[in-house]
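Before any comments, here is the structure.
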Amino acid sequence: MPAMAVIATTAVPDSLRGALSRWTVEVTPGIFVGTLSARVRDQLWNVVTEVVGDGAALLVHPAANEQGFALRTAGTRRRHPVDFDGLTLIRMTAQGRGVGSELERRGSESGTGAGEESL
């Protein structure tokens with residue numbers, strides 16, 4: 001049974017955007033929405049993972065779980081889905097010398113974990 005799927009892309013080749021637009025609508029640059037069967041969705045995602053290159057892609061589709069959806073990711077990204085007791089949460093990784101790496105540095109100097117404050 002067809003269901004809604006959303007594919008979000010960042011810095012992907014134009015050829016991939018063209019392939020996605022054959023099956024979905026690009027509602028805003030890089031965001032593709034469509035009603036796809038599971039078979040078409042999986043085949044389309046296989047194309048995305050093969051072609052994404054240095055870009056990034058995220059697929060959100062309905063699933064029979066507590067949240068009612070599942071996430072799939074491909075390419076390089078700061079956000080990583082993590083299973084936490086059956087819930088999918090997003091873990092952010094530090095990139096360069098941003099706030100995250102500053103907190104990690106402070107935590108390692110004071111003996112506390114990253115982002116933890118000593119009391």
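FYI, nothing fancy with the structure tokens labels: chains A, B, ... in order, residues from 1 per chain, ligands from 1 as they appear.
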
Enumerate the residues of range 2-111 of chain A with a DSSP assignment of helix (DSSP H, G or I), computed from the backbone, and present them as a ChimeraX atom specification. /A:14-23,38-51,99-110

Restricting it to N, CA and C atoms, dump the selection as an mmCIF file, in the first residue's frame.
data_model
loop_
_atom_site.group_PDB
_atom_site.id
_atom_site.type_symbol
_atom_site.label_atom_id
_atom_site.label_comp_id
_atom_site.auth_asym_id
_atom_site.auth_seq_id
_atom_site.Cartn_x
_atom_site.Cartn_y
_atom_site.Cartn_z
ATOM 1 N N ASP A 14 23.088 17.001 -9.312
ATOM 2 C CA ASP A 14 21.838 17.367 -9.980
ATOM 3 C C ASP A 14 21.140 16.151 -10.578
ATOM 4 N N SER A 15 21.917 15.167 -11.018
ATOM 5 C CA SER A 15 21.321 13.963 -11.598
ATOM 6 C C SER A 15 20.466 13.222 -10.576
ATOM 7 N N LEU A 16 20.891 13.233 -9.306
ATOM 8 C CA LEU A 16 20.100 12.590 -8.254
ATOM 9 C C LEU A 16 18.816 13.368 -8.007
ATOM 10 N N ARG A 17 18.905 14.675 -7.995
ATOM 11 C CA ARG A 17 17.700 15.503 -7.815
ATOM 12 C C ARG A 17 16.716 15.237 -8.952
ATOM 13 N N GLY A 18 17.222 15.064 -10.175
ATOM 14 C CA GLY A 18 16.363 14.759 -11.307
ATOM 15 C C GLY A 18 15.693 13.400 -11.160
ATOM 16 N N ALA A 19 16.461 12.406 -10.699
ATOM 17 C CA ALA A 19 15.898 11.063 -10.499
ATOM 18 C C ALA A 19 14.815 11.086 -9.429
ATOM 19 N N LEU A 20 15.042 11.826 -8.350
ATOM 20 C CA LEU A 20 14.050 11.914 -7.278
ATOM 21 C C LEU A 20 12.788 12.632 -7.761
ATOM 22 N N SER A 21 12.958 13.629 -8.608
ATOM 23 C CA SER A 21 11.791 14.403 -9.060
ATOM 24 C C SER A 21 10.901 13.611 -10.029
ATOM 25 N N ARG A 22 11.386 12.471 -10.529
ATOM 26 C CA ARG A 22 10.535 11.627 -11.372
ATOM 27 C C ARG A 22 9.449 10.940 -10.556
ATOM 28 N N TRP A 23 9.727 10.694 -9.273
ATOM 29 C CA TRP A 23 8.802 9.964 -8.411
ATOM 30 C C TRP A 23 8.179 10.821 -7.322
ATOM 31 N N ALA A 38 6.276 0.569 -0.963
ATOM 32 C CA ALA A 38 7.498 0.182 -0.247
ATOM 33 C C ALA A 38 8.582 -0.242 -1.241
ATOM 34 N N ARG A 39 8.182 -0.940 -2.292
ATOM 35 C CA ARG A 39 9.149 -1.403 -3.284
ATOM 36 C C ARG A 39 9.807 -0.233 -4.010
ATOM 37 N N VAL A 40 9.012 0.715 -4.478
ATOM 38 C CA VAL A 40 9.564 1.893 -5.170
ATOM 39 C C VAL A 40 10.427 2.703 -4.213
ATOM 40 N N ARG A 41 9.949 2.896 -2.975
ATOM 41 C CA ARG A 41 10.710 3.654 -1.975
ATOM 42 C C ARG A 41 12.081 3.021 -1.750
ATOM 43 N N ASP A 42 12.127 1.691 -1.590
ATOM 44 C CA ASP A 42 13.397 1.012 -1.332
ATOM 45 C C ASP A 42 14.323 1.078 -2.540
ATOM 46 N N GLN A 43 13.780 0.936 -3.751
ATOM 47 C CA GLN A 43 14.613 1.024 -4.949
ATOM 48 C C GLN A 43 15.133 2.445 -5.146
ATOM 49 N N LEU A 44 14.297 3.436 -4.870
ATOM 50 C CA LEU A 44 14.717 4.830 -4.964
ATOM 51 C C LEU A 44 15.806 5.128 -3.942
ATOM 52 N N TRP A 45 15.658 4.599 -2.729
ATOM 53 C CA TRP A 45 16.666 4.816 -1.690
ATOM 54 C C TRP A 45 17.987 4.153 -2.069
ATOM 55 N N ASN A 46 17.947 2.998 -2.719
ATOM 56 C CA ASN A 46 19.184 2.355 -3.177
ATOM 57 C C ASN A 46 19.925 3.255 -4.158
ATOM 58 N N VAL A 47 19.189 3.905 -5.059
ATOM 59 C CA VAL A 47 19.798 4.854 -5.994
ATOM 60 C C VAL A 47 20.419 6.018 -5.225
ATOM 61 N N VAL A 48 19.705 6.538 -4.244
ATOM 62 C CA VAL A 48 20.210 7.663 -3.446
ATOM 63 C C VAL A 48 21.526 7.290 -2.768
ATOM 64 N N THR A 49 21.579 6.126 -2.123
ATOM 65 C CA THR A 49 22.794 5.734 -1.388
ATOM 66 C C THR A 49 23.985 5.515 -2.315
ATOM 67 N N GLU A 50 23.727 5.095 -3.553
ATOM 68 C CA GLU A 50 24.816 4.878 -4.508
ATOM 69 C C GLU A 50 25.357 6.184 -5.093
ATOM 70 N N VAL A 51 24.512 7.201 -5.202
ATOM 71 C CA VAL A 51 24.872 8.417 -5.930
ATOM 72 C C VAL A 51 25.157 9.614 -5.019
ATOM 73 N N VAL A 99 30.873 25.006 19.074
ATOM 74 C CA VAL A 99 30.483 24.941 20.475
ATOM 75 C C VAL A 99 30.644 23.528 21.010
ATOM 76 N N GLY A 100 30.287 22.519 20.222
ATOM 77 C CA GLY A 100 30.382 21.132 20.675
ATOM 78 C C GLY A 100 31.801 20.740 21.019
ATOM 79 N N SER A 101 32.774 21.087 20.160
ATOM 80 C CA SER A 101 34.158 20.715 20.436
ATOM 81 C C SER A 101 34.695 21.502 21.623
ATOM 82 N N GLU A 102 34.223 22.729 21.827
ATOM 83 C CA GLU A 102 34.639 23.518 22.998
ATOM 84 C C GLU A 102 34.150 22.856 24.275
ATOM 85 N N LEU A 103 32.895 22.369 24.288
ATOM 86 C CA LEU A 103 32.377 21.678 25.464
ATOM 87 C C LEU A 103 33.143 20.389 25.728
ATOM 88 N N GLU A 104 33.480 19.638 24.663
ATOM 89 C CA GLU A 104 34.242 18.416 24.837
ATOM 90 C C GLU A 104 35.613 18.719 25.418
ATOM 91 N N ARG A 105 36.266 19.790 24.934
ATOM 92 C CA ARG A 105 37.591 20.157 25.426
ATOM 93 C C ARG A 105 37.529 20.523 26.906
ATOM 94 N N ARG A 106 36.535 21.344 27.285
ATOM 95 C CA ARG A 106 36.379 21.738 28.684
ATOM 96 C C ARG A 106 36.107 20.541 29.569
ATOM 97 N N GLY A 107 35.261 19.603 29.074
ATOM 98 C CA GLY A 107 34.937 18.419 29.850
ATOM 99 C C GLY A 107 36.144 17.554 30.094
ATOM 100 N N SER A 108 37.030 17.413 29.090
ATOM 101 C CA SER A 108 38.212 16.565 29.256
ATOM 102 C C SER A 108 39.223 17.222 30.193
ATOM 103 N N GLU A 109 39.277 18.561 30.226
ATOM 104 C CA GLU A 109 40.198 19.241 31.125
ATOM 105 C C GLU A 109 39.748 19.142 32.568
ATOM 106 N N SER A 110 38.440 19.198 32.815
ATOM 107 C CA SER A 110 37.951 19.196 34.187
ATOM 108 C C SER A 110 37.669 17.787 34.704
#

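Near Asp85 in chain A, within 12 Å and counting only C-alpha atoms, sit Asn65, Glu66, Gln67 and Leu89 of chain A; same-chain residues fewer than 4 positions away were not included.
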
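The closest residue to Thr9 in chain A, picked from A:Thr24, A:Thr73, A:Thr88, A:Thr35 and counting only C-alpha atoms, is A:Thr73.
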
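For range 76-84 of chain A, the non-local neighbours within 10 Å, defined as residues at least 5 positions apart in the same chain or in other chains and counting only C-alpha atoms, are A:Thr10, A:Val52, A:Gly53, A:Asp54, A:Gly55, A:Ala56, A:Ala57, A:Leu58, A:Ala70, A:Leu71, A:Leu89, A:Ile90, A:Arg91, A:Met92, A:Thr93, A:Ala94, A:Gln95.
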
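Take CA of Gly75 in chain A and CA of Met1 in chain A: the distance between them is 28.5 Å.
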
Within 8 Å of Val33 in chain A using only C-alpha atoms, minus same-chain residues under 2 positions, as a ChimeraX atom specification: /A:4-7,24-27,31,35

Restrict the selected residues to N, CA and C atoms and save them as a CSV table (one decimal), in the first residue's frame.
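File result.csv, as written:
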chain,number,residue,atom,x,y,z
A,4,MET,N,3.2,8.0,2.3
A,4,MET,CA,4.0,9.2,2.1
A,4,MET,C,5.4,8.9,2.6
A,5,ALA,N,6.3,9.5,1.8
A,5,ALA,CA,7.7,9.4,2.1
A,5,ALA,C,8.3,10.8,1.9
A,6,VAL,N,9.3,11.2,2.7
A,6,VAL,CA,10.0,12.4,2.6
A,6,VAL,C,11.5,12.1,2.5
A,7,ILE,N,12.2,12.7,1.5
A,7,ILE,CA,13.6,12.6,1.3
A,7,ILE,C,14.2,14.0,1.3
A,24,THR,N,8.8,12.0,-7.1
A,24,THR,CA,8.3,12.8,-6.0
A,24,THR,C,8.2,14.3,-6.4
A,25,VAL,N,7.8,15.1,-5.5
A,25,VAL,CA,7.7,16.6,-5.8
A,25,VAL,C,8.7,17.3,-4.9
A,26,GLU,N,9.5,18.2,-5.5
A,26,GLU,CA,10.5,18.9,-4.8
A,26,GLU,C,9.8,20.2,-4.2
A,27,VAL,N,9.3,20.1,-3.0
A,27,VAL,CA,8.5,21.2,-2.4
A,27,VAL,C,9.3,22.4,-2.0
A,31,ILE,N,14.1,19.1,-0.6
A,31,ILE,CA,13.1,18.3,0.1
A,31,ILE,C,12.1,17.7,-0.9
A,35,THR,N,4.1,9.9,-2.5
A,35,THR,CA,3.4,8.8,-2.1
A,35,THR,C,3.9,7.6,-2.9

Take CA of His61 in chain A and CA of Gly86 in chain A and report the distance between them in Å, one decimal. 16.4 Å
